[in-house]
Each structure stands twice: as C-alpha cells, then as structure tokens.
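The structure under discussion appears below in the form of structure tokens.
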2 protein chains.
Amino acid sequence: MVHSAYRAIGILDSGVGGLTVFQELTRQLPHEQIVYFGDTARMPYGPRPDEEVRRFALQIIDFLQNQEIKLVVVACNTATAAGLSSYREQSALPVLGVIEPGVRAALAQTGNGRVGIIGTAGTVRSSAYEKALQGARPGLHVIARPCPLFVLLVENDLVDTPEAEKVAVEYLAPFNRASIDTLILGCTHYPLMAGLIQKTVGPGVKLINSAREIAGEVKEILTEQQLHHPLRLAEPGYRFFVSGNPGSFEEIASKMLHRRIKAYQVTL
Amino acid sequence: MVHSAYRAIGILDSGVGGLTVFQELTRQLPHEQIVYFGDTARMPYGPRPDEEVRRFALQIIDFLQNQEIKLVVVACNTATAAGLSSYREQSALPVLGVIEPGVRAALAQTGNGRVGIIGTAGTVRSSAYEKALQGARPGLHVIARPCPLFVLLVENDLVDTPEAEKVAVEYLAPFNRASIDTLILGCTHYPLMAGLIQKTVGPGVKLINSAREIAGEVKEILTEQQLHHPLRLAEPGYRFFVSGNPGSFEEIASKMLHRRIKAYQVTL
C-alpha cells in the first residue's frame, strides 16, 4: 500500500456545481477525505475565454496539490473542456474530467442514437462532447445547446421560481423537436435542477448526470491504482475552500449536503 | 490505534516566529504532517489587548480544526499568555502552549536561582512566566523585560544589522547587572536571533528556547495519547496558510527551512 492512499481527493469547480460531484463521491466512496475548491469569486466560467479558464484551473490544481491530495477531479465541464490535457501534463497526480464519463454513459444509454447536450457557452463552444460522442460512434445524431442562465439560477437559489420554468422551456424546446432519447447534463450545476429539466423535456428522455458518472470513474481509478483510503474512516474529513465570500457558499452547501459546512476564503 | 493519529499537527502563530516550533517539530517528529497558520496580516500580537489576541487565536484554532488535525500548538507566547485556558475550554483537541515547557526547562537549568525572561509587551504584562516560575519555586529571583522591537527585526529580516545590535544592548543590559544564569526566550521569534542575544548577554547565560521545549512536549503528548502518525512517512505533508500576503512569508520561511515553501492567504 502506498502512503499517498491516505491522502484526500481534490475537487475543483467554479462554485457550488461541483458539490453534486462531492455528494456522489461521498455516496460511492464514503471513507474518502475530500478537499473542495469553489472559485466563487470568478464564477461563472462559462462565458470566459478558454485560456483564462485554463489559467484559473491550473492555479486551483496547484493549490489542491499543496493540500495533501492523491487525485484531482475537475468537477466542471467548462474547465474540463478548456484544457484537461494541459492539467494532466502539469500534474503528477491523476486528473479526471467530467466529460469522458458522461460520454460513456450516454453511449451506453441511447437507443435511437439521438443524444442532446446542455452545457455552458464554453462547453458547447468547445464541441468537446460532440467530438467524443461522434469519435466513438460516427453515425450518432448529436445536438448541443448552451444554457448559460442555468448556472446563475442554481448559484442564486432561484431554481424553484416561475422565471426558471420559462428559461427552461426556452432552452430545452429544441430537444423536444429533435426526438432525443438521452440528454447529457453537461454541467455539474444541472443535477441541482434535474427535476425542472426532466419535467421540461418529458419522461421519455433519460438524463445523464455527469456528477454521478465521474464518481464511478474516480472509484475505478482508486481501485486500479490501489489508492482507496486504507482505513474505513467513519467520519472522513472534508475541507472546503472558496475564492469569494464563504457565507453564501456555506449556505447553499449546508442545505444541499444536509450538514453544516464551514468554508474558508483563499486568495490564489 | 485511533484514526485521528493519521491527522496533522496544527500550529498557530502571529507570523513567522512559530516556524521555529515548526522546525523543531520536523526535527523531533520527522514523520508528522503539519498545518501552519501565520496571522501575518495582524501581527505583531505583542502590543494588542489580551481580549483581541484571544479572539484571533480562537478564530485560527477554529480554522485549524477544519483542516484535519489532532493537536493544536499555540506557538506564540503572547497568544498563550492571553488565554491558553480559554482555548482548551473551546477545543476538543489537546491544546499546547509555549509557556509551560519553557518554565520547566528553566527550572531544570538554573543553578543560582536567577532567571531572566524576554518577551513581547503582552507576554511580559501578563506575568505568565513569573507566576509559573515562582509558583513552582517560590524563592526564585525572576526579572522580565519586554523586547517589542525584536519581533519586527525578525519579521523584516533585519537581525544582522548594526541597529539590531544597538537594540539588543539596550534591551538586555539589565540582565547583565542582575547576574542571571538562565534566560528564557519567551517569544518564538527569538530563536531566530539567538546568536545576537547570546553575544549580548555573554556565554555564561544559558538560553531557553521555548520552540525546542514545546516540541519535546508535543512528542510526549503524542506518546501518551497514542497519537503518533502510524506510518513512517518519508515526506510528510506540510500545509502553510497566512492571513496576509504570502510572498514575504514564503521568502522568510523558505530561507529558514531550506526548502521551497508555498503558502496560501486565507481570510478568517
């Protein structure tokens, strides 16, 4: 057993979206310690140029690597699309992104070969999902739509409002016309509004939750590399850092995770 | 073996002074992980009212307790003098201060029963050392002098300057007249200028380095409570946080510890 197995899993996200990944990790890997960084001062990442998102992500990976971790989860589709290969080049640790696991799950799921993708402007612009899906299965029909307001609805706790319903209908109507049977939630914020999305696209469309898929992949990597925490910790430690004011993050995170979350503001 | 043994040792200080404790811990306990917090934005603590120092220390202990630690070292005499018992009341972890170990070492050392103490204004004003020394040995002759500029000389890398020599002579002359044989360095910054202090008080006076003494006490507590890290980590992780700009802290720390130190700024 290598000593690094005792270390934590590092998660980076632009804000609270990655908490869906955090939550899945705590479900699927309940004995692992986790260090979470939410770049709340600079979110949303969606509208930013790739180069800037890459620079922010590398700063956060540098921070996480100084916090005793064994693996980095880029729990943000925009940051994954902007430069997963750069992060892998610059880190000695395994770096996992959210796109590949979602793609694999969608390919396994679709029956009629018609797959939808929703994501931030950056993720959709990158065509990362289309390339991966069509690279794996050339004849696949793929339609992608950016839904930039979704992140803001989630970050500002506005999902259960009439305006959110209107926004959802506006963004998702094209998928109804396209007869997709699978919709990739290509942003880790979206599982937090999965109810509204499902209601809008109808019960016939299967939603792919990239947070759940990546947690499965983390588990596989820990097994392959013998990095599962050797102790079955009853209360593994969770550390939360943000770049902005911790108050609103703590509020959303505590509500979502049903436990009191304490976060600290770090300047990168 | 309890799981918490795998956790780190937490150190709090007003700035870089606690690095002398850090250094002694890495020497005496080379397999322990350490989390260090230097309150550089609010140093020096010496001139501040006790109540304020206590409030700052409690904030830092709260932060450290959220960083997966098993024990708190208050590596600052001013903070120890201001409220060690409050910190112990408010923490579920063992909390160690720098005064008791220094007192024990001085009592073991003195031959003529004449002991000097130098510290910050806060430490000297508290009479914490005198009370502990005379409580343990009532006839002891104790003289204490505040040396407020010493911390600033160390924090600003000005120890090897002619003005530092003048300041040392000014502060330390009373000890020569008092014929002490033991001088407690009642501030964790002072070991960083031990050469100048020794030269000024002369070779007949034994200096008590509270950093070294507290490291010995940490070792004892870890043994008693079975909290030594169960793995003989070849490269235990060290995490550094500061409240001010990390640049100057990193510079002094890297020079002192002969390794590249990366620190992150946290807002408490």
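Letters A, B, ... go to the chains of the structure tokens in the order shown; residues in each chain start at 1; ligands are counted from 1 in the same order.
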How close does each residue of chain A get to chain B, giving the shortest atom pair and distance in Å to one decimal for every residue with an atom at most 8 Å away, counting only C-alpha atoms, sorted by chain and residue number, as a Markdown table?
```
| residue | atom | partner | partner_atom | distance |
| --- | --- | --- | --- | --- |
| A:His3 | CA | B:Leu233 | CA | 7.2 |
| A:Phe63 | CA | B:Tyr264 | CA | 7.9 |
| A:Asn66 | CA | B:Arg239 | CA | 6.5 |
| A:Gln67 | CA | B:Arg239 | CA | 6.3 |
| A:Glu68 | CA | B:Gly237 | CA | 6.2 |
| A:Leu231 | CA | B:His3 | CA | 7.8 |
| A:Leu233 | CA | B:His3 | CA | 7.2 |
| A:Gly237 | CA | B:Glu68 | CA | 6.2 |
| A:Tyr238 | CA | B:Asn66 | CA | 7.9 |
| A:Arg239 | CA | B:Gln67 | CA | 6.3 |
| A:Lys262 | CA | B:Asn66 | CA | 7.7 |
| A:Tyr264 | CA | B:Val266 | CA | 6.6 |
| A:Gln265 | CA | B:Thr267 | CA | 5.3 |
| A:Val266 | CA | B:Val266 | CA | 4.4 |
| A:Thr267 | CA | B:Gln265 | CA | 5.3 |
| A:Leu268 | CA | B:Tyr264 | CA | 7.0 |
```
**region 70-73 of chain A environment, 10 Å, only C-alpha atoms, sequence neighbours closer than 3 positions dropped, as a PyMOL selection string** = chain A and resi 3-13+18+21-22+34-36+61+64-65+67+76+80+87-88+91-98+214-215+218+221-222+227-228
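Every protein, DNA or RNA residue with an atom at most 7 Å from Thr120 (chain B), where only C-alpha atoms count and chain neighbours fewer than 4 positions away do not, is listed here: B:Gly46, B:Thr78, B:Val124, B:Pro146, B:Cys147, B:Pro148, B:Cys187.
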**Prompt:** What's the 10 Å shell around Arg260 (chain B), counting only C-alpha atoms, without same-chain residues fewer than 6 positions away, as a PyMOL selection string?
**Reply:** chain B and resi 250-251+253-254
Which residues are near region 50-57 of chain B? Cut-off 7 Å, only C-alpha atoms, ignore same chain within fewer than 3 positions. Put them as a PDB file with C-alpha atoms, in the first residue's frame.
```
ATOM      1  CA  TYR B  45       0.333  40.430  18.652  1.00  0.00           C
ATOM      2  CA  ILE B  60      -7.306  30.372  13.981  1.00  0.00           C
ATOM      3  CA  ILE B  61      -7.975  27.322  16.152  1.00  0.00           C
ATOM      4  CA  ALA B  79      -1.350  34.155  22.480  1.00  0.00           C
ATOM      5  CA  ALA B  82      -3.534  35.769  26.670  1.00  0.00           C
ATOM      6  CA  GLY B  83      -5.768  32.731  27.013  1.00  0.00           C
TER       7      GLY B  83
END
```
**Item:** Surrounding residues of Arg212 (chain A) excluding itself and chain neighbours under 4 positions, 10 Å, only C-alpha atoms, as a PyMOL selection string
**Value:** chain A and resi 20-25+27-28+98+101-102+105+188+191+208+216-217
Since we have the selection now, will you write its residues out, keeping N, CA, C and O atoms, as a PDB file, in the first residue's frame?
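Heads up, here's the output in out-v3.pdb:
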```pdb
ATOM      1  N   THR A  20     -22.286  18.592  -6.493  1.00  0.00           N
ATOM      2  CA  THR A  20     -23.008  17.392  -6.935  1.00  0.00           C
ATOM      3  C   THR A  20     -22.013  16.236  -7.071  1.00  0.00           C
ATOM      4  O   THR A  20     -22.339  15.091  -6.775  1.00  0.00           O
ATOM      5  N   VAL A  21     -20.795  16.567  -7.509  1.00  0.00           N
ATOM      6  CA  VAL A  21     -19.749  15.545  -7.590  1.00  0.00           C
ATOM      7  C   VAL A  21     -19.314  15.149  -6.176  1.00  0.00           C
ATOM      8  O   VAL A  21     -19.144  13.965  -5.874  1.00  0.00           O
ATOM      9  N   PHE A  22     -19.155  16.160  -5.325  1.00  0.00           N
ATOM     10  CA  PHE A  22     -18.808  15.888  -3.925  1.00  0.00           C
ATOM     11  C   PHE A  22     -19.810  14.901  -3.322  1.00  0.00           C
ATOM     12  O   PHE A  22     -19.448  13.906  -2.691  1.00  0.00           O
ATOM     13  N   GLN A  23     -21.085  15.182  -3.538  1.00  0.00           N
ATOM     14  CA  GLN A  23     -22.139  14.370  -2.944  1.00  0.00           C
ATOM     15  C   GLN A  23     -22.105  12.933  -3.474  1.00  0.00           C
ATOM     16  O   GLN A  23     -22.239  11.978  -2.705  1.00  0.00           O
ATOM     17  N   GLU A  24     -21.897  12.795  -4.772  1.00  0.00           N
ATOM     18  CA  GLU A  24     -21.809  11.451  -5.346  1.00  0.00           C
ATOM     19  C   GLU A  24     -20.586  10.716  -4.815  1.00  0.00           C
ATOM     20  O   GLU A  24     -20.629   9.513  -4.572  1.00  0.00           O
ATOM     21  N   LEU A  25     -19.488  11.444  -4.647  1.00  0.00           N
ATOM     22  CA  LEU A  25     -18.277  10.803  -4.117  1.00  0.00           C
ATOM     23  C   LEU A  25     -18.509  10.315  -2.691  1.00  0.00           C
ATOM     24  O   LEU A  25     -18.106   9.209  -2.341  1.00  0.00           O
ATOM     25  N   ARG A  27     -21.250   9.388  -1.473  1.00  0.00           N
ATOM     26  CA  ARG A  27     -22.131   8.217  -1.534  1.00  0.00           C
ATOM     27  C   ARG A  27     -21.377   6.976  -1.983  1.00  0.00           C
ATOM     28  O   ARG A  27     -21.498   5.920  -1.378  1.00  0.00           O
ATOM     29  N   GLN A  28     -20.614   7.142  -3.053  1.00  0.00           N
ATOM     30  CA  GLN A  28     -19.953   5.968  -3.639  1.00  0.00           C
ATOM     31  C   GLN A  28     -18.645   5.620  -2.921  1.00  0.00           C
ATOM     32  O   GLN A  28     -18.193   4.477  -2.980  1.00  0.00           O
ATOM     33  N   VAL A  98     -14.928  15.695 -16.243  1.00  0.00           N
ATOM     34  CA  VAL A  98     -16.313  15.223 -16.226  1.00  0.00           C
ATOM     35  C   VAL A  98     -16.862  14.806 -17.584  1.00  0.00           C
ATOM     36  O   VAL A  98     -17.944  14.246 -17.660  1.00  0.00           O
ATOM     37  N   PRO A 101     -16.612  10.458 -18.711  1.00  0.00           N
ATOM     38  CA  PRO A 101     -17.571   9.534 -18.078  1.00  0.00           C
ATOM     39  C   PRO A 101     -19.002   9.775 -18.558  1.00  0.00           C
ATOM     40  O   PRO A 101     -19.767   8.820 -18.743  1.00  0.00           O
ATOM     41  N   GLY A 102     -19.363  11.034 -18.805  1.00  0.00           N
ATOM     42  CA  GLY A 102     -20.711  11.350 -19.291  1.00  0.00           C
ATOM     43  C   GLY A 102     -20.929  10.799 -20.693  1.00  0.00           C
ATOM     44  O   GLY A 102     -22.012  10.299 -21.034  1.00  0.00           O
ATOM     45  N   ALA A 105     -21.466   7.067 -20.539  1.00  0.00           N
ATOM     46  CA  ALA A 105     -22.801   6.745 -20.034  1.00  0.00           C
ATOM     47  C   ALA A 105     -23.859   7.001 -21.105  1.00  0.00           C
ATOM     48  O   ALA A 105     -24.802   6.216 -21.274  1.00  0.00           O
ATOM     49  N   THR A 188     -21.954  20.489 -14.047  1.00  0.00           N
ATOM     50  CA  THR A 188     -22.224  19.859 -12.745  1.00  0.00           C
ATOM     51  C   THR A 188     -23.242  20.635 -11.915  1.00  0.00           C
ATOM     52  O   THR A 188     -23.698  20.150 -10.887  1.00  0.00           O
ATOM     53  N   PRO A 191     -27.505  18.912 -12.245  1.00  0.00           N
ATOM     54  CA  PRO A 191     -28.239  17.944 -11.408  1.00  0.00           C
ATOM     55  C   PRO A 191     -29.034  18.642 -10.301  1.00  0.00           C
ATOM     56  O   PRO A 191     -30.014  18.094  -9.808  1.00  0.00           O
ATOM     57  N   ILE A 208     -28.436  12.177 -18.297  1.00  0.00           N
ATOM     58  CA  ILE A 208     -27.125  11.653 -17.878  1.00  0.00           C
ATOM     59  C   ILE A 208     -26.502  12.657 -16.913  1.00  0.00           C
ATOM     60  O   ILE A 208     -26.232  13.800 -17.282  1.00  0.00           O
ATOM     61  N   GLY A 216     -18.164   7.382 -10.322  1.00  0.00           N
ATOM     62  CA  GLY A 216     -17.899   5.984 -10.666  1.00  0.00           C
ATOM     63  C   GLY A 216     -16.486   5.825 -11.218  1.00  0.00           C
ATOM     64  O   GLY A 216     -15.775   4.872 -10.893  1.00  0.00           O
ATOM     65  N   GLU A 217     -16.085   6.793 -12.023  1.00  0.00           N
ATOM     66  CA  GLU A 217     -14.744   6.713 -12.611  1.00  0.00           C
ATOM     67  C   GLU A 217     -13.659   6.908 -11.547  1.00  0.00           C
ATOM     68  O   GLU A 217     -12.622   6.248 -11.576  1.00  0.00           O
TER      69      GLU A 217
END
```
Quick one: residues within 6 Å of Ile180 (chain B), only C-alpha atoms, excluding same-chain residues fewer than 2 positions away - as a PDB file with N, CA and C atoms, in the first residue's frame?
```pdb
ATOM      1  N   ARG B 114      18.492  32.571  39.540  1.00  0.00           N
ATOM      2  CA  ARG B 114      18.232  33.902  38.976  1.00  0.00           C
ATOM      3  C   ARG B 114      17.933  33.731  37.480  1.00  0.00           C
ATOM      4  N   VAL B 115      16.648  33.938  37.144  1.00  0.00           N
ATOM      5  CA  VAL B 115      16.180  33.652  35.786  1.00  0.00           C
ATOM      6  C   VAL B 115      15.659  34.920  35.117  1.00  0.00           C
ATOM      7  N   ALA B 178      21.932  41.904  36.620  1.00  0.00           N
ATOM      8  CA  ALA B 178      21.152  41.083  37.559  1.00  0.00           C
ATOM      9  C   ALA B 178      21.765  39.703  37.803  1.00  0.00           C
ATOM     10  N   THR B 182      20.224  32.050  33.516  1.00  0.00           N
ATOM     11  CA  THR B 182      19.282  31.417  32.589  1.00  0.00           C
ATOM     12  C   THR B 182      18.380  32.500  32.012  1.00  0.00           C
TER      13      THR B 182
END
```
**B:Glu130, B:Glu224, B:Asp157, B:Glu89 ranked by distance to His189 (chain B), top pick (using only C-alpha atoms)** =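 Closest to His189 (chain B) of all the choices is B:Asp157.
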**Item:** All strand (DSSP E or B) positions in region 111-230 of chain B, as JSON, numbers by chain
**Value:** {"B": [114, 115, 116, 117, 118, 119, 141, 142, 143, 144, 145, 146, 182, 183, 184, 185, 206, 207, 208, 209]}
How would the residues just picked look written out with C-alpha atoms as a tab-separated table (two decimals), in the first residue's frame?
```tsv
chain	number	residue	atom	x	y	z
B	114	ARG	CA	18.23	33.90	38.98
B	115	VAL	CA	16.18	33.65	35.79
B	116	GLY	CA	15.57	36.27	33.11
B	117	ILE	CA	12.66	36.41	30.69
B	118	ILE	CA	12.34	38.35	27.48
B	119	GLY	CA	9.08	38.52	25.57
B	141	HIS	CA	14.56	35.61	41.54
B	142	VAL	CA	12.90	36.47	38.26
B	143	ILE	CA	13.30	39.52	36.08
B	144	ALA	CA	11.33	40.08	32.90
B	145	ARG	CA	11.82	42.66	30.16
B	146	PRO	CA	9.68	43.35	27.11
B	182	THR	CA	19.28	31.42	32.59
B	183	LEU	CA	17.34	33.49	30.06
B	184	ILE	CA	14.00	32.32	28.70
B	185	LEU	CA	13.43	33.33	25.08
B	206	LYS	CA	22.01	29.63	29.20
B	207	LEU	CA	19.23	30.48	26.72
B	208	ILE	CA	15.97	28.55	26.97
B	209	ASN	CA	14.48	28.04	23.52
```
**Message:** Residues of region 76-148 of chain B classed as helix (DSSP H, G or I) by DSSP on the backbone are to be reported as a PyMOL selection string.
**Reply:** chain B and resi 77-89+99-109+121-126+128-136+148
**Request:** Quick one: pull the distance between CA of Val159 (chain A) and CA of Glu100 (chain A), Å, one decimal.
**Result:**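 One can read the CA of Val159 (chain A) to CA of Glu100 (chain A) distance as 27.2 Å.
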**Message:** As an exercise, work out the distance from CA of Tyr129 (chain B) to CA of Gly186 (chain B) in Å and give it to one decimal place.
**Reply:**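 Interatomic distance, CA of Tyr129 (chain B) to CA of Gly186 (chain B): 8.2 Å.
Counting from CA of Gly202 (chain A), the distance to CA of Ala108 (chain A) is 20.2 Å.
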